[in-house]
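Here is work.pdb, consisting of PDB, C-alpha atoms and all ligand atoms:
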ATOM      1  CA  MET B   1       1.501   7.136 -28.869  1.00  0.00           C
ATOM      2  CA  THR B   2       0.815  10.417 -27.031  1.00  0.00           C
ATOM      3  CA  LYS B   3       4.237  11.573 -25.881  1.00  0.00           C
ATOM      4  CA  PRO B   4       4.521  11.470 -22.078  1.00  0.00           C
ATOM      5  CA  ALA B   5       4.883  14.801 -20.275  1.00  0.00           C
ATOM      6  CA  PHE B   6       8.315  14.631 -18.619  1.00  0.00           C
ATOM      7  CA  HIS B   7       8.782  16.659 -15.412  1.00  0.00           C
ATOM      8  CA  ALA B   8      12.364  16.837 -14.134  1.00  0.00           C
ATOM      9  CA  TYR B   9      13.148  18.183 -10.643  1.00  0.00           C
ATOM     10  CA  PRO B  10      16.542  19.166  -9.232  1.00  0.00           C
ATOM     11  CA  THR B  11      16.060  17.072  -6.078  1.00  0.00           C
ATOM     12  CA  ARG B  12      13.939  14.163  -4.821  1.00  0.00           C
ATOM     13  CA  GLU B  13      12.555  16.487  -2.157  1.00  0.00           C
ATOM     14  CA  ALA B  14      11.351  18.959  -4.821  1.00  0.00           C
ATOM     15  CA  LEU B  15       9.806  16.089  -6.792  1.00  0.00           C
ATOM     16  CA  ALA B  16       8.002  14.743  -3.711  1.00  0.00           C
ATOM     17  CA  GLU B  17       6.636  18.202  -2.954  1.00  0.00           C
ATOM     18  CA  ALA B  18       5.370  18.774  -6.513  1.00  0.00           C
ATOM     19  CA  LEU B  19       3.919  15.296  -7.031  1.00  0.00           C
ATOM     20  CA  SER B  20       2.163  15.278  -3.656  1.00  0.00           C
ATOM     21  CA  ALA B  21       0.675  18.743  -4.304  1.00  0.00           C
ATOM     22  CA  GLY B  22      -0.594  17.583  -7.716  1.00  0.00           C
ATOM     23  CA  VAL B  23      -2.099  14.362  -6.345  1.00  0.00           C
ATOM     24  CA  ALA B  24      -3.697  16.156  -3.379  1.00  0.00           C
ATOM     25  CA  ALA B  25      -5.313  18.654  -5.774  1.00  0.00           C
ATOM     26  CA  VAL B  26      -6.725  15.839  -7.926  1.00  0.00           C
ATOM     27  CA  LEU B  27      -8.114  14.030  -4.848  1.00  0.00           C
ATOM     28  CA  ALA B  28      -9.616  17.244  -3.461  1.00  0.00           C
ATOM     29  CA  GLY B  29     -11.213  17.946  -6.859  1.00  0.00           C
ATOM     30  CA  ALA B  30     -12.681  14.449  -6.995  1.00  0.00           C
ATOM     31  CA  ILE B  31     -14.133  14.815  -3.492  1.00  0.00           C
ATOM     32  CA  ALA B  32     -15.597  18.214  -4.362  1.00  0.00           C
ATOM     33  CA  THR B  33     -17.241  16.966  -7.557  1.00  0.00           C
ATOM     34  CA  ARG B  34     -18.048  13.302  -6.854  1.00  0.00           C
ATOM     35  CA  GLY B  35     -17.908  13.060  -3.055  1.00  0.00           C
ATOM     36  CA  SER B  36     -15.044  10.561  -2.890  1.00  0.00           C
ATOM     37  CA  ALA B  37     -11.671   9.787  -4.445  1.00  0.00           C
ATOM     38  CA  THR B  38      -9.569   6.751  -5.358  1.00  0.00           C
ATOM     39  CA  LEU B  39      -5.785   6.629  -5.313  1.00  0.00           C
ATOM     40  CA  ALA B  40      -3.540   3.717  -6.328  1.00  0.00           C
ATOM     41  CA  VAL B  41       0.116   3.915  -5.312  1.00  0.00           C
ATOM     42  CA  SER B  42       3.168   1.793  -5.953  1.00  0.00           C
ATOM     43  CA  GLY B  43       5.322  -0.205  -3.596  1.00  0.00           C
ATOM     44  CA  GLY B  44       9.085  -0.543  -3.448  1.00  0.00           C
ATOM     45  CA  SER B  45      11.310   2.187  -2.057  1.00  0.00           C
ATOM     46  CA  THR B  46      10.914   5.141  -4.457  1.00  0.00           C
ATOM     47  CA  PRO B  47       7.493   6.358  -3.207  1.00  0.00           C
ATOM     48  CA  LYS B  48       8.433   6.824   0.465  1.00  0.00           C
ATOM     49  CA  LEU B  49       9.260  10.554   0.408  1.00  0.00           C
ATOM     50  CA  PHE B  50       6.338  11.353  -1.879  1.00  0.00           C
ATOM     51  CA  LEU B  51       3.970   9.467   0.468  1.00  0.00           C
ATOM     52  CA  GLU B  52       5.330  11.329   3.499  1.00  0.00           C
ATOM     53  CA  HIS B  53       4.602  14.642   1.797  1.00  0.00           C
ATOM     54  CA  LEU B  54       1.172  13.502   0.641  1.00  0.00           C
ATOM     55  CA  ALA B  55       0.262  12.397   4.182  1.00  0.00           C
ATOM     56  CA  ARG B  56       0.394  16.046   5.284  1.00  0.00           C
ATOM     57  CA  ALA B  57      -2.099  17.309   2.671  1.00  0.00           C
ATOM     58  CA  GLU B  58      -5.147  18.935   4.239  1.00  0.00           C
ATOM     59  CA  ILE B  59      -7.912  17.204   2.303  1.00  0.00           C
ATOM     60  CA  ASP B  60     -10.938  15.192   3.434  1.00  0.00           C
ATOM     61  CA  TRP B  61      -9.035  11.912   3.669  1.00  0.00           C
ATOM     62  CA  ALA B  62     -12.046  10.075   5.115  1.00  0.00           C
ATOM     63  CA  GLN B  63     -13.479  10.131   1.569  1.00  0.00           C
ATOM     64  CA  VAL B  64     -10.354   8.632  -0.015  1.00  0.00           C
ATOM     65  CA  GLU B  65      -9.899   4.951  -0.878  1.00  0.00           C
ATOM     66  CA  ILE B  66      -6.222   4.052  -1.222  1.00  0.00           C
ATOM     67  CA  MET B  67      -4.896   0.855  -2.757  1.00  0.00           C
ATOM     68  CA  LEU B  68      -1.654  -0.528  -4.061  1.00  0.00           C
ATOM     69  CA  VAL B  69      -1.084  -1.118  -7.755  1.00  0.00           C
ATOM     70  CA  ASP B  70       0.612  -4.398  -6.804  1.00  0.00           C
ATOM     71  CA  GLU B  71       1.716  -6.491  -3.856  1.00  0.00           C
ATOM     72  CA  ARG B  72       4.271  -9.130  -3.056  1.00  0.00           C
ATOM     73  CA  TRP B  73       2.460 -12.149  -1.568  1.00  0.00           C
ATOM     74  CA  VAL B  74       3.809 -11.702   1.955  1.00  0.00           C
ATOM     75  CA  PRO B  75       2.111 -10.785   5.246  1.00  0.00           C
ATOM     76  CA  GLU B  76       2.233  -7.214   6.517  1.00  0.00           C
ATOM     77  CA  THR B  77       4.886  -8.241   9.039  1.00  0.00           C
ATOM     78  CA  SER B  78       7.380  -8.852   6.201  1.00  0.00           C
ATOM     79  CA  ASP B  79       9.806  -6.065   5.293  1.00  0.00           C
ATOM     80  CA  ARG B  80       8.904  -6.901   1.645  1.00  0.00           C
ATOM     81  CA  SER B  81       5.252  -5.897   2.193  1.00  0.00           C
ATOM     82  CA  ASN B  82       4.222  -2.949   0.025  1.00  0.00           C
ATOM     83  CA  HIS B  83       1.146  -2.513   2.217  1.00  0.00           C
ATOM     84  CA  ALA B  84       3.318  -2.100   5.332  1.00  0.00           C
ATOM     85  CA  MET B  85       5.474   0.471   3.513  1.00  0.00           C
ATOM     86  CA  VAL B  86       2.411   2.518   2.541  1.00  0.00           C
ATOM     87  CA  ARG B  87       0.947   2.250   6.032  1.00  0.00           C
ATOM     88  CA  ARG B  88       4.231   3.470   7.531  1.00  0.00           C
ATOM     89  CA  HIS B  89       4.793   6.397   5.169  1.00  0.00           C
ATOM     90  CA  LEU B  90       1.305   7.549   4.192  1.00  0.00           C
ATOM     91  CA  MET B  91      -1.149   6.605   6.921  1.00  0.00           C
ATOM     92  CA  ASN B  92      -0.033   9.315   9.332  1.00  0.00           C
ATOM     93  CA  GLY B  93      -1.464  12.671  10.364  1.00  0.00           C
ATOM     94  CA  PRO B  94      -4.378  13.830   8.186  1.00  0.00           C
ATOM     95  CA  ALA B  95      -4.064  10.884   5.765  1.00  0.00           C
ATOM     96  CA  SER B  96      -4.667   8.334   8.529  1.00  0.00           C
ATOM     97  CA  ALA B  97      -8.407   8.992   8.071  1.00  0.00           C
ATOM     98  CA  ALA B  98      -8.278   7.400   4.601  1.00  0.00           C
ATOM     99  CA  HIS B  99      -9.198   3.771   3.937  1.00  0.00           C
ATOM    100  CA  LEU B 100      -6.254   1.603   2.841  1.00  0.00           C
ATOM    101  CA  LEU B 101      -7.420  -1.466   0.944  1.00  0.00           C
ATOM    102  CA  PRO B 102      -5.169  -4.502   1.480  1.00  0.00           C
ATOM    103  CA  PHE B 103      -4.254  -7.093  -1.134  1.00  0.00           C
ATOM    104  CA  TYR B 104      -2.807  -9.801   1.111  1.00  0.00           C
ATOM    105  CA  THR B 105      -5.531 -12.128   2.410  1.00  0.00           C
ATOM    106  CA  GLY B 106      -3.540 -14.776   4.249  1.00  0.00           C
ATOM    107  CA  HIS B 107      -4.291 -17.419   1.597  1.00  0.00           C
ATOM    108  CA  GLU B 108      -1.261 -19.523   0.782  1.00  0.00           C
ATOM    109  CA  THR B 109      -0.998 -18.193  -2.763  1.00  0.00           C
ATOM    110  CA  PRO B 110      -2.425 -15.194  -4.629  1.00  0.00           C
ATOM    111  CA  ASP B 111      -4.134 -17.653  -6.992  1.00  0.00           C
ATOM    112  CA  ALA B 112      -6.135 -19.054  -4.060  1.00  0.00           C
ATOM    113  CA  ALA B 113      -7.255 -15.523  -3.172  1.00  0.00           C
ATOM    114  CA  ILE B 114      -8.034 -14.328  -6.671  1.00  0.00           C
ATOM    115  CA  GLU B 115     -11.831 -14.722  -6.525  1.00  0.00           C
ATOM    116  CA  GLU B 116     -12.080 -12.832  -3.241  1.00  0.00           C
ATOM    117  CA  LEU B 117      -9.767 -10.093  -4.520  1.00  0.00           C
ATOM    118  CA  GLU B 118     -11.592  -9.787  -7.823  1.00  0.00           C
ATOM    119  CA  LEU B 119     -14.827  -9.115  -5.915  1.00  0.00           C
ATOM    120  CA  ARG B 120     -13.064  -6.594  -3.679  1.00  0.00           C
ATOM    121  CA  TYR B 121     -11.484  -4.642  -6.537  1.00  0.00           C
ATOM    122  CA  CYS B 122     -14.114  -4.839  -9.263  1.00  0.00           C
ATOM    123  CA  ARG B 123     -16.595  -2.940  -7.066  1.00  0.00           C
ATOM    124  CA  LEU B 124     -14.366   0.157  -7.025  1.00  0.00           C
ATOM    125  CA  THR B 125     -15.591   3.144  -9.012  1.00  0.00           C
ATOM    126  CA  ARG B 126     -13.652   3.622 -12.222  1.00  0.00           C
ATOM    127  CA  PRO B 127     -11.772   5.430 -13.561  1.00  0.00           C
ATOM    128  CA  PHE B 128      -9.493   5.852 -10.544  1.00  0.00           C
ATOM    129  CA  ASP B 129      -8.688   9.465  -9.799  1.00  0.00           C
ATOM    130  CA  ALA B 130      -4.935   9.029  -9.518  1.00  0.00           C
ATOM    131  CA  VAL B 131      -2.537   6.163 -10.212  1.00  0.00           C
ATOM    132  CA  ILE B 132       1.137   6.599  -9.377  1.00  0.00           C
ATOM    133  CA  LEU B 133       3.326   3.930 -10.920  1.00  0.00           C
ATOM    134  CA  GLY B 134       6.946   3.094 -10.240  1.00  0.00           C
ATOM    135  CA  MET B 135       9.383   1.210 -12.433  1.00  0.00           C
ATOM    136  CA  GLY B 136      12.119  -1.332 -11.804  1.00  0.00           C
ATOM    137  CA  SER B 137      15.416  -1.215 -13.657  1.00  0.00           C
ATOM    138  CA  ASP B 138      14.255  -4.313 -15.598  1.00  0.00           C
ATOM    139  CA  GLY B 139      11.406  -2.246 -17.091  1.00  0.00           C
ATOM    140  CA  HIS B 140       8.662  -3.733 -14.895  1.00  0.00           C
ATOM    141  CA  THR B 141       5.878  -1.586 -13.562  1.00  0.00           C
ATOM    142  CA  ALA B 142       3.182  -2.642 -11.073  1.00  0.00           C
ATOM    143  CA  SER B 143       3.863  -6.432 -11.208  1.00  0.00           C
ATOM    144  CA  PHE B 144       4.113  -6.572 -14.997  1.00  0.00           C
ATOM    145  CA  PHE B 145       7.472  -8.354 -15.054  1.00  0.00           C
ATOM    146  CA  PRO B 146       9.446  -9.417 -18.118  1.00  0.00           C
ATOM    147  CA  GLY B 147       9.140 -13.198 -18.346  1.00  0.00           C
ATOM    148  CA  ALA B 148       5.921 -13.362 -16.260  1.00  0.00           C
ATOM    149  CA  ASP B 149       4.044 -16.568 -17.078  1.00  0.00           C
ATOM    150  CA  ASN B 150       0.869 -14.630 -17.969  1.00  0.00           C
ATOM    151  CA  LEU B 151       2.333 -11.336 -19.246  1.00  0.00           C
ATOM    152  CA  ASP B 152       0.196 -11.264 -22.418  1.00  0.00           C
ATOM    153  CA  ALA B 153      -2.982 -11.534 -20.342  1.00  0.00           C
ATOM    154  CA  LEU B 154      -1.759  -8.918 -17.858  1.00  0.00           C
ATOM    155  CA  LEU B 155      -1.107  -6.409 -20.622  1.00  0.00           C
ATOM    156  CA  ARG B 156      -4.350  -6.914 -22.546  1.00  0.00           C
ATOM    157  CA  SER B 157      -6.019  -3.569 -22.916  1.00  0.00           C
ATOM    158  CA  ASP B 158      -9.474  -5.168 -23.262  1.00  0.00           C
ATOM    159  CA  GLY B 159      -9.305  -7.670 -20.400  1.00  0.00           C
ATOM    160  CA  ASN B 160     -12.173  -7.771 -17.879  1.00  0.00           C
ATOM    161  CA  ASP B 161     -10.279  -8.863 -14.776  1.00  0.00           C
ATOM    162  CA  ALA B 162      -9.363  -6.211 -12.194  1.00  0.00           C
ATOM    163  CA  VAL B 163      -6.580  -8.245 -10.571  1.00  0.00           C
ATOM    164  CA  ALA B 164      -4.194 -11.022 -11.561  1.00  0.00           C
ATOM    165  CA  ALA B 165      -1.690 -13.286  -9.863  1.00  0.00           C
ATOM    166  CA  VAL B 166       1.857 -13.132 -11.252  1.00  0.00           C
ATOM    167  CA  ARG B 167       4.941 -15.311 -11.113  1.00  0.00           C
ATOM    168  CA  ALA B 168       8.130 -14.176 -12.784  1.00  0.00           C
ATOM    169  CA  PRO B 169      11.832 -14.976 -12.496  1.00  0.00           C
ATOM    170  CA  GLY B 170      12.710 -11.421 -11.395  1.00  0.00           C
ATOM    171  CA  ALA B 171       9.826 -11.027  -8.949  1.00  0.00           C
ATOM    172  CA  ASN B 172      11.172 -12.961  -5.928  1.00  0.00           C
ATOM    173  CA  GLU B 173       7.844 -13.997  -4.409  1.00  0.00           C
ATOM    174  CA  PRO B 174       4.486 -14.532  -6.158  1.00  0.00           C
ATOM    175  CA  ARG B 175       2.624 -11.294  -6.726  1.00  0.00           C
ATOM    176  CA  ILE B 176      -0.801  -9.816  -7.170  1.00  0.00           C
ATOM    177  CA  THR B 177      -1.347  -6.848  -9.452  1.00  0.00           C
ATOM    178  CA  LEU B 178      -4.043  -4.583 -10.784  1.00  0.00           C
ATOM    179  CA  THR B 179      -4.370  -5.168 -14.530  1.00  0.00           C
ATOM    180  CA  LEU B 180      -3.444  -2.709 -17.267  1.00  0.00           C
ATOM    181  CA  PRO B 181      -6.937  -1.326 -18.077  1.00  0.00           C
ATOM    182  CA  LEU B 182      -7.520  -0.233 -14.465  1.00  0.00           C
ATOM    183  CA  LEU B 183      -4.228   1.598 -14.358  1.00  0.00           C
ATOM    184  CA  VAL B 184      -4.188   3.349 -17.696  1.00  0.00           C
ATOM    185  CA  ASP B 185      -7.700   4.761 -17.583  1.00  0.00           C
ATOM    186  CA  ALA B 186      -6.888   6.769 -14.423  1.00  0.00           C
ATOM    187  CA  ARG B 187      -7.708  10.475 -14.546  1.00  0.00           C
ATOM    188  CA  LEU B 188      -4.170  11.283 -13.412  1.00  0.00           C
ATOM    189  CA  LEU B 189      -1.570   8.704 -14.432  1.00  0.00           C
ATOM    190  CA  ALA B 190       1.994   9.331 -13.260  1.00  0.00           C
ATOM    191  CA  LEU B 191       5.214   7.370 -13.500  1.00  0.00           C
ATOM    192  CA  HIS B 192       7.569   8.242 -10.639  1.00  0.00           C
ATOM    193  CA  ILE B 193      11.224   7.362 -11.222  1.00  0.00           C
ATOM    194  CA  GLU B 194      14.456   8.518  -9.652  1.00  0.00           C
ATOM    195  CA  GLY B 195      18.150   8.289 -10.535  1.00  0.00           C
ATOM    196  CA  GLU B 196      20.158   8.272 -13.769  1.00  0.00           C
ATOM    197  CA  GLU B 197      19.829   4.508 -14.207  1.00  0.00           C
ATOM    198  CA  LYS B 198      16.038   4.604 -14.235  1.00  0.00           C
ATOM    199  CA  ARG B 199      16.048   7.602 -16.560  1.00  0.00           C
ATOM    200  CA  ALA B 200      18.132   5.567 -19.020  1.00  0.00           C
ATOM    201  CA  VAL B 201      15.718   2.621 -18.640  1.00  0.00           C
ATOM    202  CA  TYR B 202      12.803   4.973 -19.281  1.00  0.00           C
ATOM    203  CA  GLU B 203      14.496   6.399 -22.429  1.00  0.00           C
ATOM    204  CA  ARG B 204      15.123   2.864 -23.659  1.00  0.00           C
ATOM    205  CA  ALA B 205      11.480   1.956 -23.018  1.00  0.00           C
ATOM    206  CA  LEU B 206      10.349   4.965 -25.048  1.00  0.00           C
ATOM    207  CA  SER B 207      12.545   4.077 -27.978  1.00  0.00           C
ATOM    208  CA  GLY B 208      11.112   0.575 -28.568  1.00  0.00           C
ATOM    209  CA  ASP B 209       7.771  -1.156 -28.647  1.00  0.00           C
ATOM    210  CA  ASP B 210       8.323  -4.731 -27.443  1.00  0.00           C
ATOM    211  CA  ALA B 211       6.411  -4.799 -24.156  1.00  0.00           C
ATOM    212  CA  SER B 212       7.465  -8.376 -23.416  1.00  0.00           C
ATOM    213  CA  GLN B 213      11.043  -7.108 -22.938  1.00  0.00           C
ATOM    214  CA  MET B 214      10.021  -3.982 -21.016  1.00  0.00           C
ATOM    215  CA  PRO B 215       6.403  -4.178 -19.806  1.00  0.00           C
ATOM    216  CA  VAL B 216       6.370  -0.473 -18.843  1.00  0.00           C
ATOM    217  CA  ARG B 217       6.072   0.137 -22.604  1.00  0.00           C
ATOM    218  CA  ALA B 218       2.481  -1.115 -22.486  1.00  0.00           C
ATOM    219  CA  VAL B 219       1.672   1.729 -20.082  1.00  0.00           C
ATOM    220  CA  LEU B 220       3.644   4.358 -21.983  1.00  0.00           C
ATOM    221  CA  ARG B 221       1.938   3.357 -25.240  1.00  0.00           C
ATOM    222  CA  ALA B 222      -1.618   2.963 -23.947  1.00  0.00           C
ATOM    223  CA  PRO B 223      -4.029   5.326 -25.715  1.00  0.00           C
ATOM    224  CA  ARG B 224      -5.209   8.012 -23.282  1.00  0.00           C
ATOM    225  CA  PRO B 225      -7.016  11.333 -23.554  1.00  0.00           C
ATOM    226  CA  GLN B 226      -4.336  12.942 -21.356  1.00  0.00           C
ATOM    227  CA  PRO B 227      -0.641  12.089 -21.579  1.00  0.00           C
ATOM    228  CA  ILE B 228       1.000  10.112 -18.809  1.00  0.00           C
ATOM    229  CA  ASN B 229       3.079  12.365 -16.527  1.00  0.00           C
ATOM    230  CA  VAL B 230       6.601  11.217 -15.795  1.00  0.00           C
ATOM    231  CA  PHE B 231       8.180  12.603 -12.605  1.00  0.00           C
ATOM    232  CA  TRP B 232      11.942  12.282 -12.382  1.00  0.00           C
ATOM    233  CA  ALA B 233      14.745  13.566 -10.136  1.00  0.00           C
ATOM    234  CA  PRO B 234      18.437  12.546 -10.110  1.00  0.00           C
TER     235      PRO B 234
HETATM  236  O1  LIG J   1       8.630  -4.604  -6.584  1.00  0.00           O
HETATM  237  C1  LIG J   1       8.269  -3.498  -6.905  1.00  0.00           C
HETATM  238  O2  LIG J   1       9.125  -2.690  -7.572  1.00  0.00           O
HETATM  239  C2  LIG J   1       8.715  -1.504  -8.282  1.00  0.00           C
HETATM  240  C3  LIG J   1       9.914  -0.548  -8.265  1.00  0.00           C
HETATM  241  O3  LIG J   1      10.357  -0.387  -6.926  1.00  0.00           O
HETATM  242  P1  LIG J   1      11.578   0.560  -6.480  1.00  0.00           P
HETATM  243  O4  LIG J   1      12.016   0.002  -5.154  1.00  0.00           O
HETATM  244  O5  LIG J   1      12.635   0.415  -7.534  1.00  0.00           O
HETATM  245  O6  LIG J   1      11.022   1.932  -6.384  1.00  0.00           O
HETATM  246  C4  LIG J   1       7.459  -0.897  -7.695  1.00  0.00           C
HETATM  247  O7  LIG J   1       6.971   0.105  -8.545  1.00  0.00           O
HETATM  248  C5  LIG J   1       6.398  -1.979  -7.456  1.00  0.00           C
HETATM  249  O8  LIG J   1       5.214  -1.406  -6.935  1.00  0.00           O
HETATM  250  C6  LIG J   1       6.950  -2.970  -6.460  1.00  0.00           C
HETATM  251  O9  LIG J   1       6.043  -4.000  -6.156  1.00  0.00           O
END
What would you get if you wrote out this structure as structure tokens?
Amino acid sequence: MTKPAFHAYPTREALAEALSAGVAAVLAGAIATRGSATLAVSGGSTPKLFLEHLARAEIDWAQVEIMLVDERWVPETSDRSNHAMVRRHLMNGPASAAHLLPFYTGHETPDAAIEELELRYCRLTRPFDAVILGMGSDGHTASFFPGADNLDALLRSDGNDAVAAVRAPGANEPRITLTLPLLVDARLLALHIEGEEKRAVYERALSGDDASQMPVRAVLRAPRPQPINVFWAP
């Protein structure tokens, strides 16, 4: 395993500033060299400040495709919607020119939408330029939850599917997630975590190798040319 590069910041504000500057530089570089950029961000609550900082970056957002790494199967009107959170915190000011790709289709279940979503996501140019993951205190990342009915398939490094539906005891509602290969081959791969509890979870994840207990291990252990960057603040 290539040891992750661990970046600790004194405050969440300082972390948000540094991470957003790094991501904006990667997106600007991608636009300059390839004409467009792809960014996958996480849901939950941790990314909000980072997204607010990123929204102010002066880059050519019209060339940027933004997606979520995972989504809870709820409409955008739900306060559980990751898409609504990203729209609220990122799609403002300069960043509102970007294209935000939704996961939720209105189908009753993510399984019923899987064919449509597979078509939508497999056409995206890979590798993605930047993927910013979060982590739950149960060691899940994206929607790779411990106890998920299809966790082995989700964590296969050689799988061909871009997206997968997930059900897991700790996940509340059914989920949809990008699969491991799409996430770990990103040019910039970051894990953004905050607080002492999540730091302890991260340390525990590093010290073992059973990904079924802590699925984030599959990301931390994935072979990559560049190490994963971990961004942490108390
Ligand atoms: O449910 C989810 O949780 C994780 C962690 O969220 P946080 O609120 O603890 O920051 C998140 O990374 C994932 O995208 C989301 O769907």
Please identify the residues whose atoms come within 8 Å of ligand LIG 1 (chain J), using all atoms listed in the file, and report them as a list in words.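 Checking all atoms listed in the file against ligand LIG 1 (chain J) at 8 Å gives Val41, Ser42, Gly43, Gly44, Ser45, Thr46, Pro47, Leu68, Val69, Asp70, Glu71, Arg72, Asn82, Leu133, Gly134, Met135, Gly136, Ser137, His140, Thr141, Ala142, Ser143, Ala171 and Ile193 of chain B.
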Would you work out the distance separating atom CA of Ala162 of chain B from atom CA of Val23 of chain B, expressed in Å to one decimal?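 Value for the atom CA of Ala162 of chain B-atom CA of Val23 of chain B distance: 22.6 Å.
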Expressed in Å, the length from atom CA of Lys48 of chain B to atom CA of Ala16 of chain B is 9.0 Å
Assuming the chain letters and numbering stay as they are in my file, what does the PyMOL selection byres (((chain B and resi 199) around 12) and not hetatm) actually select? List them as an MDAnalysis selection string. chainID B and resid 6:8 134:137 139 191:198 200:206 230:234
Extract, using all atoms listed in the file, all DNA, RNA and protein residues at most 10 Å from segment 112-118 of chain B, discarding same-chain residues fewer than 3 positions from it, and format them as an mmCIF file with C-alpha atoms, in the frame of the given file.
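For reference, selection01.cif as written:
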data_model
loop_
_atom_site.group_PDB
_atom_site.id
_atom_site.type_symbol
_atom_site.label_atom_id
_atom_site.label_comp_id
_atom_site.auth_asym_id
_atom_site.auth_seq_id
_atom_site.Cartn_x
_atom_site.Cartn_y
_atom_site.Cartn_z
ATOM 1 C CA PRO B 102 -5.169 -4.502 1.480
ATOM 2 C CA PHE B 103 -4.254 -7.093 -1.134
ATOM 3 C CA TYR B 104 -2.807 -9.801 1.111
ATOM 4 C CA THR B 105 -5.531 -12.128 2.410
ATOM 5 C CA GLY B 106 -3.540 -14.776 4.249
ATOM 6 C CA HIS B 107 -4.291 -17.419 1.597
ATOM 7 C CA GLU B 108 -1.261 -19.523 0.782
ATOM 8 C CA THR B 109 -0.998 -18.193 -2.763
ATOM 9 C CA TYR B 121 -11.484 -4.642 -6.537
ATOM 10 C CA CYS B 122 -14.114 -4.839 -9.263
ATOM 11 C CA ARG B 123 -16.595 -2.940 -7.066
ATOM 12 C CA ASP B 161 -10.279 -8.863 -14.776
ATOM 13 C CA ALA B 162 -9.363 -6.211 -12.194
ATOM 14 C CA VAL B 163 -6.580 -8.245 -10.571
ATOM 15 C CA ALA B 164 -4.194 -11.022 -11.561
ATOM 16 C CA ALA B 165 -1.690 -13.286 -9.863
ATOM 17 C CA ILE B 176 -0.801 -9.816 -7.170
ATOM 18 C CA LEU B 178 -4.043 -4.583 -10.784
#
Counting only C-alpha atoms, figure out which residue out of B:Glu173, B:Asp138, B:Asp185, B:Glu65 gets nearest to Leu39 of chain B. B:Glu65
